[in-house]
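Undergrad: Before I ask anything, let me first share the structure, which is written out below as structure tokens.
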Amino acid sequence: MRSDFQHLVTQTSEHISTITMNRPAVLNAFNERMLAELNEAVADAAQDGDVRCVILKGAGRGFGSGQDLSEFSSANGSEEPLEVSKHLGKYHQLIRTLQEMAKPTIASVHGVAAGISCNIALACDLRIAADNARFIQAFARIGLVPDGGGGYFLPRLVGIGKALEMAMLADEVSGPEAERLGLVNKCVPAAELEQATLQVAQRLAHGPTRAYGLIKQLMYQGLDSDLASSLKLEGELQGRAITTEDHREAIRAFFEKRAPKYQGK
């Protein structure tokens with residue numbers, strides 16, 4: 001993976017790729033350059049056989065404040081019409097890569113996570129939040145609808161009633177409240193966020209990576225499937241999982257009464 005990004009800091013260690021959005025002066029607001037770089041970095045991590053877990057985080061005081069409205073307003077006020085579908089397509093590519101990559105993704109959230117930044121966090125498989133985190137579906141504040149997959153992920157995580165409340169009123173949801181609602185998997189004191197995220201990432205990075213990828217496929221496709229289709233997919237994916245070296249290693253470890261040593265194969 002490249003390490004010379006303008007608005008990202010990337011690091012890979014012990015099979016964990018950490019991607020840090022790095023525009024702290026504007027609370028990591030998305031401009032075109034950072035979005036393009038994040039798409040590239042996430043796609044590279046998805047294809048890198050040495051990477052078995054991805055962490056997404058923000059530098060400075062927060063995870064991200066959403067779209068850079070100064071850039072957005074400039075485009076909207078220019079003589080050229082703003083191609084909204086083309087603009088959103090770049091976010092959609094990122095969200096699909098996060099969901100479809102055959103390895104776990106974790107959003108590590110501190111401070112503000114607003115607008116599109118919030119929804120990118122929701123697109124990750126797991127979310128760990130600091131107690132100072134603030135999740136905001138800020139779109140209605142400027143007369144827009146939730147984009148970046150918000151209409152898909154939010155009601156599935158918190159239910160339709162709470163999702164409508166968050167989207168329409170655009171009130172902040174704190175880290176502890178996000179945990180209570182199921183918006184995040186875990187909320188910890190801000191000073192413990194980095195270590196808590198790393199502990200989960202290390203556990204995943206040393207687990208049965210192939211099985212995790214199949215679990216993601218089963219769960220995400222199951223959201224939009226009937227029971228018969230889900231059971232059929234379950235059988236197909238289990239047939240693939242049972243042929244993996246990780247499964248064979250787990251069986252060996254069971255009979256040898258030791259912890260398995262997964263290789264992600």
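Here's how to read the names in the structure tokens: chain A, B, ... by the order shown, residue numbers from 1 in each chain, ligand numbers from 1 in the order shown.
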If you run DSSP on the backbone here, which positions in stretch 74-135 of chain A get alpha helix (DSSP H)? Please write them as a PyMOL selection string.
TA: chain A and resi 74-77+84-100+116-123
Undergrad: Please report, as a list in words, each residue of stretch 56-184 of chain A to which DSSP assigns strand (DSSP E) when run on this structure's backbone.
TA: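 Of stretch 56-184 of chain A, only Leu56, Lys57, Gly58, Thr105, Ile106, Ala107, Ser108, Val109, Val112, Ala113, Ala114, Leu126, Arg127, Ile128, Ala129, Ala130, Arg134, Phe135, Ile136, Val173 and Ser174 of chain A fall in strand (DSSP E).
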Undergrad: Determine the nearest neighbour of A:Pro155 from the options A:Ala167, A:Glu32, A:Leu69, A:Gln263, counting only C-alpha atoms.
TA: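 Closest to A:Pro155, using only C-alpha atoms: A:Ala167.
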Undergrad: From the set A:Met21, A:Ile160, A:Leu35, A:Ala114, which residue has the shortest atom-to-atom contact distance to A:Gly89, counting only C-alpha atoms?
TA: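 Closest to A:Gly89, using only C-alpha atoms: A:Leu35.
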Undergrad: I need the residue nearest A:Leu122 from this list: A:Ser85, A:Ser230, A:Asn185, A:Gln67. Use only C-alpha atoms for the distance.
TA: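 Nearest candidate to A:Leu122 out of A:Ser85, A:Ser230, A:Asn185, A:Gln67: A:Asn185.
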Undergrad: Which is closer to A:Lys57 than all the others in A:Phe135, A:Arg33, A:Arg2, A:Leu193, using only C-alpha atoms?
TA: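 Of A:Phe135, A:Arg33, A:Arg2, A:Leu193, the one nearest A:Lys57 is A:Leu193, counting only C-alpha atoms.
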Undergrad: Any idea what's packed within 7 Å of A:Leu126, counting only C-alpha atoms, ignoring anything in its chain fewer than 4 positions away? Could you give it as a PyMOL selection string?
TA: chain A and resi 105-107+185
Undergrad: Mind writing the picked residues with N, CA, C and O atoms as a CSV table (one decimal), in the first residue's frame?
TA:
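Generated output (part.csv):
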chain,number,residue,atom,x,y,z
A,105,THR,N,-13.7,-5.1,8.9
A,105,THR,CA,-13.4,-3.7,8.9
A,105,THR,C,-13.9,-3.1,10.2
A,105,THR,O,-15.0,-3.4,10.7
A,106,ILE,N,-13.2,-2.2,10.8
A,106,ILE,CA,-13.5,-1.6,12.1
A,106,ILE,C,-13.4,-0.1,12.0
A,106,ILE,O,-12.4,0.5,11.5
A,107,ALA,N,-14.5,0.7,12.3
A,107,ALA,CA,-14.4,2.1,12.5
A,107,ALA,C,-14.1,2.4,13.9
A,107,ALA,O,-14.8,2.0,14.8
A,185,ASN,N,-20.7,-1.0,18.5
A,185,ASN,CA,-20.6,-2.3,19.2
A,185,ASN,C,-20.1,-2.1,20.6
A,185,ASN,O,-20.4,-2.9,21.5
Undergrad: So that I can see what lies close to A:Glu14, please list as a short mmCIF file (atom, residue, chain, number, x, y, z; two decimals) with N, CA and C atoms, in the first residue's frame the residues with an atom at most 12 Å from it, counting only C-alpha atoms and leaving out residues fewer than 3 positions away in the same chain.
TA:
data_model
loop_
_atom_site.label_atom_id
_atom_site.label_comp_id
_atom_site.auth_asym_id
_atom_site.auth_seq_id
_atom_site.Cartn_x
_atom_site.Cartn_y
_atom_site.Cartn_z
N GLN A 11 -0.77 2.54 7.69
CA GLN A 11 0.22 1.69 8.34
C GLN A 11 -0.31 0.26 8.37
N SER A 17 -4.28 -3.34 8.78
CA SER A 17 -4.07 -2.11 8.04
C SER A 17 -4.86 -1.00 8.72
N THR A 18 -4.17 0.04 9.18
CA THR A 18 -4.81 1.19 9.80
C THR A 18 -4.76 2.36 8.83
N ASP A 50 -1.75 -9.93 2.79
CA ASP A 50 -1.16 -9.86 4.12
C ASP A 50 -2.08 -9.16 5.11
N VAL A 51 -3.05 -8.41 4.61
CA VAL A 51 -3.97 -7.67 5.47
C VAL A 51 -5.17 -8.56 5.81
N ARG A 52 -5.43 -8.70 7.10
CA ARG A 52 -6.54 -9.54 7.54
C ARG A 52 -7.57 -8.78 8.37
N CYS A 53 -7.33 -7.50 8.58
CA CYS A 53 -8.30 -6.64 9.26
C CYS A 53 -7.95 -5.20 8.92
N VAL A 54 -8.97 -4.34 8.78
CA VAL A 54 -8.78 -2.94 8.43
C VAL A 54 -9.41 -2.06 9.50
N LEU A 198 -7.49 -1.79 18.94
CA LEU A 198 -6.40 -2.69 18.57
C LEU A 198 -6.64 -4.10 19.08
N ALA A 201 -9.07 -5.69 16.76
CA ALA A 201 -8.44 -5.91 15.46
C ALA A 201 -7.45 -7.07 15.51
N GLN A 202 -6.68 -7.17 16.58
CA GLN A 202 -5.72 -8.27 16.71
C GLN A 202 -6.43 -9.60 16.78
N ARG A 203 -7.53 -9.64 17.50
CA ARG A 203 -8.30 -10.88 17.59
C ARG A 203 -8.81 -11.30 16.22
N LEU A 204 -9.31 -10.34 15.46
CA LEU A 204 -9.82 -10.65 14.12
C LEU A 204 -8.69 -11.00 13.16
N ALA A 205 -7.56 -10.27 13.26
CA ALA A 205 -6.45 -10.50 12.34
C ALA A 205 -5.81 -11.86 12.54
N HIS A 206 -5.98 -12.44 13.70
CA HIS A 206 -5.42 -13.77 13.97
C HIS A 206 -6.50 -14.85 13.97
#
Undergrad: Need the shell around A:Glu37: protein/DNA/RNA residues with any atom at most 8 Å away, counting only C-alpha atoms. Skip same-chain ones fewer than 5 positions apart. Format as a list in words?
TA: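 So the residues in contact are Phe5, His7 and Leu8 of chain A.
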Undergrad: Which residues are near stretch 115-120 of chain A? Cut-off 7 Å, only C-alpha atoms, ignore same chain within fewer than 4 positions. Put them as a PyMOL selection string.
TA: chain A and resi 64-67+95+124+135-139+147-150
Undergrad: Could you write out the selected residues, including C-alpha atoms, as a CSV table (one decimal), in the first residue's frame?
TA:
chain,number,residue,atom,x,y,z
A,64,GLY,CA,-14.9,13.2,10.4
A,65,SER,CA,-17.2,16.2,9.9
A,66,GLY,CA,-18.7,15.0,6.6
A,67,GLN,CA,-18.4,16.6,3.2
A,95,ILE,CA,-18.9,1.9,0.9
A,124,CYS,CA,-17.8,-0.8,8.5
A,135,PHE,CA,-22.8,10.8,15.7
A,136,ILE,CA,-24.9,13.2,13.7
A,137,GLN,CA,-27.0,12.6,10.6
A,138,ALA,CA,-26.5,16.2,9.7
A,139,PHE,CA,-28.1,16.2,6.2
A,147,ASP,CA,-26.4,9.7,1.6
A,148,GLY,CA,-23.4,7.4,1.6
A,149,GLY,CA,-25.6,4.4,2.5
A,150,GLY,CA,-27.3,6.1,5.5
Undergrad: Neighbours of stretch 237-254 of chain A within 10 Å (only C-alpha atoms; same-chain residues fewer than 4 positions away dropped), as a PyMOL selection string?
TA: chain A and resi 207-215+217-218+231-233+258-265
Undergrad: Produce a file of the selected residues containing N, CA, C and O atoms, as a PDB file, in the first residue's frame.
TA:
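Output file result-v4.pdb follows:
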ATOM      1  N   GLY A 207      -7.674 -14.521  13.469  1.00  0.00           N
ATOM      2  CA  GLY A 207      -8.761 -15.474  13.395  1.00  0.00           C
ATOM      3  C   GLY A 207      -8.879 -16.091  12.006  1.00  0.00           C
ATOM      4  O   GLY A 207      -8.027 -15.897  11.135  1.00  0.00           O
ATOM      5  N   PRO A 208      -9.959 -16.838  11.760  1.00  0.00           N
ATOM      6  CA  PRO A 208     -10.168 -17.514  10.466  1.00  0.00           C
ATOM      7  C   PRO A 208     -10.680 -16.537   9.407  1.00  0.00           C
ATOM      8  O   PRO A 208     -11.881 -16.407   9.177  1.00  0.00           O
ATOM      9  N   THR A 209      -9.771 -15.860   8.742  1.00  0.00           N
ATOM     10  CA  THR A 209     -10.118 -14.760   7.840  1.00  0.00           C
ATOM     11  C   THR A 209     -11.090 -15.184   6.741  1.00  0.00           C
ATOM     12  O   THR A 209     -12.029 -14.457   6.402  1.00  0.00           O
ATOM     13  N   ARG A 210     -10.844 -16.354   6.155  1.00  0.00           N
ATOM     14  CA  ARG A 210     -11.736 -16.810   5.085  1.00  0.00           C
ATOM     15  C   ARG A 210     -13.162 -16.968   5.605  1.00  0.00           C
ATOM     16  O   ARG A 210     -14.127 -16.593   4.924  1.00  0.00           O
ATOM     17  N   ALA A 211     -13.297 -17.514   6.800  1.00  0.00           N
ATOM     18  CA  ALA A 211     -14.630 -17.668   7.382  1.00  0.00           C
ATOM     19  C   ALA A 211     -15.268 -16.310   7.643  1.00  0.00           C
ATOM     20  O   ALA A 211     -16.472 -16.123   7.427  1.00  0.00           O
ATOM     21  N   TYR A 212     -14.479 -15.336   8.088  1.00  0.00           N
ATOM     22  CA  TYR A 212     -15.028 -14.000   8.322  1.00  0.00           C
ATOM     23  C   TYR A 212     -15.594 -13.412   7.036  1.00  0.00           C
ATOM     24  O   TYR A 212     -16.659 -12.781   7.037  1.00  0.00           O
ATOM     25  N   GLY A 213     -14.882 -13.582   5.938  1.00  0.00           N
ATOM     26  CA  GLY A 213     -15.380 -13.080   4.663  1.00  0.00           C
ATOM     27  C   GLY A 213     -16.697 -13.732   4.269  1.00  0.00           C
ATOM     28  O   GLY A 213     -17.614 -13.059   3.778  1.00  0.00           O
ATOM     29  N   LEU A 214     -16.800 -15.041   4.499  1.00  0.00           N
ATOM     30  CA  LEU A 214     -18.043 -15.750   4.180  1.00  0.00           C
ATOM     31  C   LEU A 214     -19.164 -15.345   5.130  1.00  0.00           C
ATOM     32  O   LEU A 214     -20.326 -15.251   4.723  1.00  0.00           O
ATOM     33  N   ILE A 215     -18.827 -15.087   6.396  1.00  0.00           N
ATOM     34  CA  ILE A 215     -19.825 -14.612   7.360  1.00  0.00           C
ATOM     35  C   ILE A 215     -20.397 -13.268   6.904  1.00  0.00           C
ATOM     36  O   ILE A 215     -21.609 -13.037   6.956  1.00  0.00           O
ATOM     37  N   GLN A 217     -20.610 -12.137   3.865  1.00  0.00           N
ATOM     38  CA  GLN A 217     -21.470 -12.373   2.711  1.00  0.00           C
ATOM     39  C   GLN A 217     -22.824 -12.909   3.150  1.00  0.00           C
ATOM     40  O   GLN A 217     -23.878 -12.464   2.677  1.00  0.00           O
ATOM     41  N   LEU A 218     -22.819 -13.873   4.079  1.00  0.00           N
ATOM     42  CA  LEU A 218     -24.063 -14.469   4.560  1.00  0.00           C
ATOM     43  C   LEU A 218     -24.947 -13.438   5.248  1.00  0.00           C
ATOM     44  O   LEU A 218     -26.151 -13.350   4.981  1.00  0.00           O
ATOM     45  N   LEU A 231     -31.106 -19.696   3.548  1.00  0.00           N
ATOM     46  CA  LEU A 231     -30.690 -21.062   3.883  1.00  0.00           C
ATOM     47  C   LEU A 231     -29.906 -21.695   2.737  1.00  0.00           C
ATOM     48  O   LEU A 231     -28.939 -22.423   2.956  1.00  0.00           O
ATOM     49  N   LYS A 232     -30.314 -21.407   1.516  1.00  0.00           N
ATOM     50  CA  LYS A 232     -29.583 -21.922   0.365  1.00  0.00           C
ATOM     51  C   LYS A 232     -28.163 -21.353   0.329  1.00  0.00           C
ATOM     52  O   LYS A 232     -27.185 -22.086   0.127  1.00  0.00           O
ATOM     53  N   LEU A 233     -28.053 -20.049   0.545  1.00  0.00           N
ATOM     54  CA  LEU A 233     -26.734 -19.420   0.568  1.00  0.00           C
ATOM     55  C   LEU A 233     -25.888 -19.973   1.706  1.00  0.00           C
ATOM     56  O   LEU A 233     -24.685 -20.207   1.539  1.00  0.00           O
ATOM     57  N   ARG A 258      -5.426 -27.690  21.998  1.00  0.00           N
ATOM     58  CA  ARG A 258      -4.604 -26.478  21.951  1.00  0.00           C
ATOM     59  C   ARG A 258      -5.356 -25.386  21.206  1.00  0.00           C
ATOM     60  O   ARG A 258      -6.398 -25.644  20.574  1.00  0.00           O
ATOM     61  N   ALA A 259      -4.859 -24.170  21.297  1.00  0.00           N
ATOM     62  CA  ALA A 259      -5.470 -23.067  20.563  1.00  0.00           C
ATOM     63  C   ALA A 259      -5.105 -23.172  19.083  1.00  0.00           C
ATOM     64  O   ALA A 259      -3.952 -23.473  18.751  1.00  0.00           O
ATOM     65  N   PRO A 260      -6.039 -22.933  18.177  1.00  0.00           N
ATOM     66  CA  PRO A 260      -5.716 -22.993  16.736  1.00  0.00           C
ATOM     67  C   PRO A 260      -4.802 -21.839  16.329  1.00  0.00           C
ATOM     68  O   PRO A 260      -4.835 -20.761  16.920  1.00  0.00           O
ATOM     69  N   LYS A 261      -3.990 -22.093  15.323  1.00  0.00           N
ATOM     70  CA  LYS A 261      -3.119 -21.063  14.750  1.00  0.00           C
ATOM     71  C   LYS A 261      -3.567 -20.821  13.313  1.00  0.00           C
ATOM     72  O   LYS A 261      -3.155 -21.496  12.384  1.00  0.00           O
ATOM     73  N   TYR A 262      -4.459 -19.852  13.157  1.00  0.00           N
ATOM     74  CA  TYR A 262      -5.050 -19.580  11.856  1.00  0.00           C
ATOM     75  C   TYR A 262      -4.071 -18.842  10.948  1.00  0.00           C
ATOM     76  O   TYR A 262      -3.330 -17.955  11.393  1.00  0.00           O
ATOM     77  N   GLN A 263      -4.096 -19.179   9.671  1.00  0.00           N
ATOM     78  CA  GLN A 263      -3.255 -18.538   8.671  1.00  0.00           C
ATOM     79  C   GLN A 263      -4.066 -17.700   7.681  1.00  0.00           C
ATOM     80  O   GLN A 263      -3.518 -17.119   6.747  1.00  0.00           O
ATOM     81  N   GLY A 264      -5.365 -17.683   7.870  1.00  0.00           N
ATOM     82  CA  GLY A 264      -6.210 -16.922   6.956  1.00  0.00           C
ATOM     83  C   GLY A 264      -6.357 -17.564   5.597  1.00  0.00           C
ATOM     84  O   GLY A 264      -6.543 -16.873   4.595  1.00  0.00           O
ATOM     85  N   LYS A 265      -6.282 -18.904   5.554  1.00  0.00           N
ATOM     86  CA  LYS A 265      -6.349 -19.626   4.274  1.00  0.00           C
ATOM     87  C   LYS A 265      -7.432 -20.687   4.298  1.00  0.00           C
ATOM     88  O   LYS A 265      -7.804 -21.164   5.333  1.00  0.00           O
TER      89      LYS A 265
END
Undergrad: From the options A:Ala41, A:Met219, A:Met34, A:Ala170, which residue's atoms come nearest to A:Ser3, counting only C-alpha atoms?
TA: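 Closest residue, counting only C-alpha atoms: A:Ala41.
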Undergrad: Could you check how far atom CA of A:Asp4 sits from atom CA of A:Val112, in Å to one decimal?
TA: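 Between atom CA of A:Asp4 and atom CA of A:Val112 the gap is 26.0 Å.
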Undergrad: Give the answer as one residue: which of A:Leu181, A:Ala121, A:Val158, A:Leu27 has the shortest atom-to-atom distance to A:Ala59, using only C-alpha atoms?
TA: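 Selected residue with least distance to A:Ala59: A:Leu27.
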Undergrad: What is the distance, in Å and to one decimal place, between atom CA of A:Gly49 and atom CA of A:Ala36?
TA: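 Straight-line distance from atom CA of A:Gly49 to atom CA of A:Ala36 works out to 22.1 Å.
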Undergrad: As an exercise, work out the distance from atom CA of A:Phe63 to atom CA of A:Leu154 in Å and give it to one decimal place.
TA: 17.8 Å
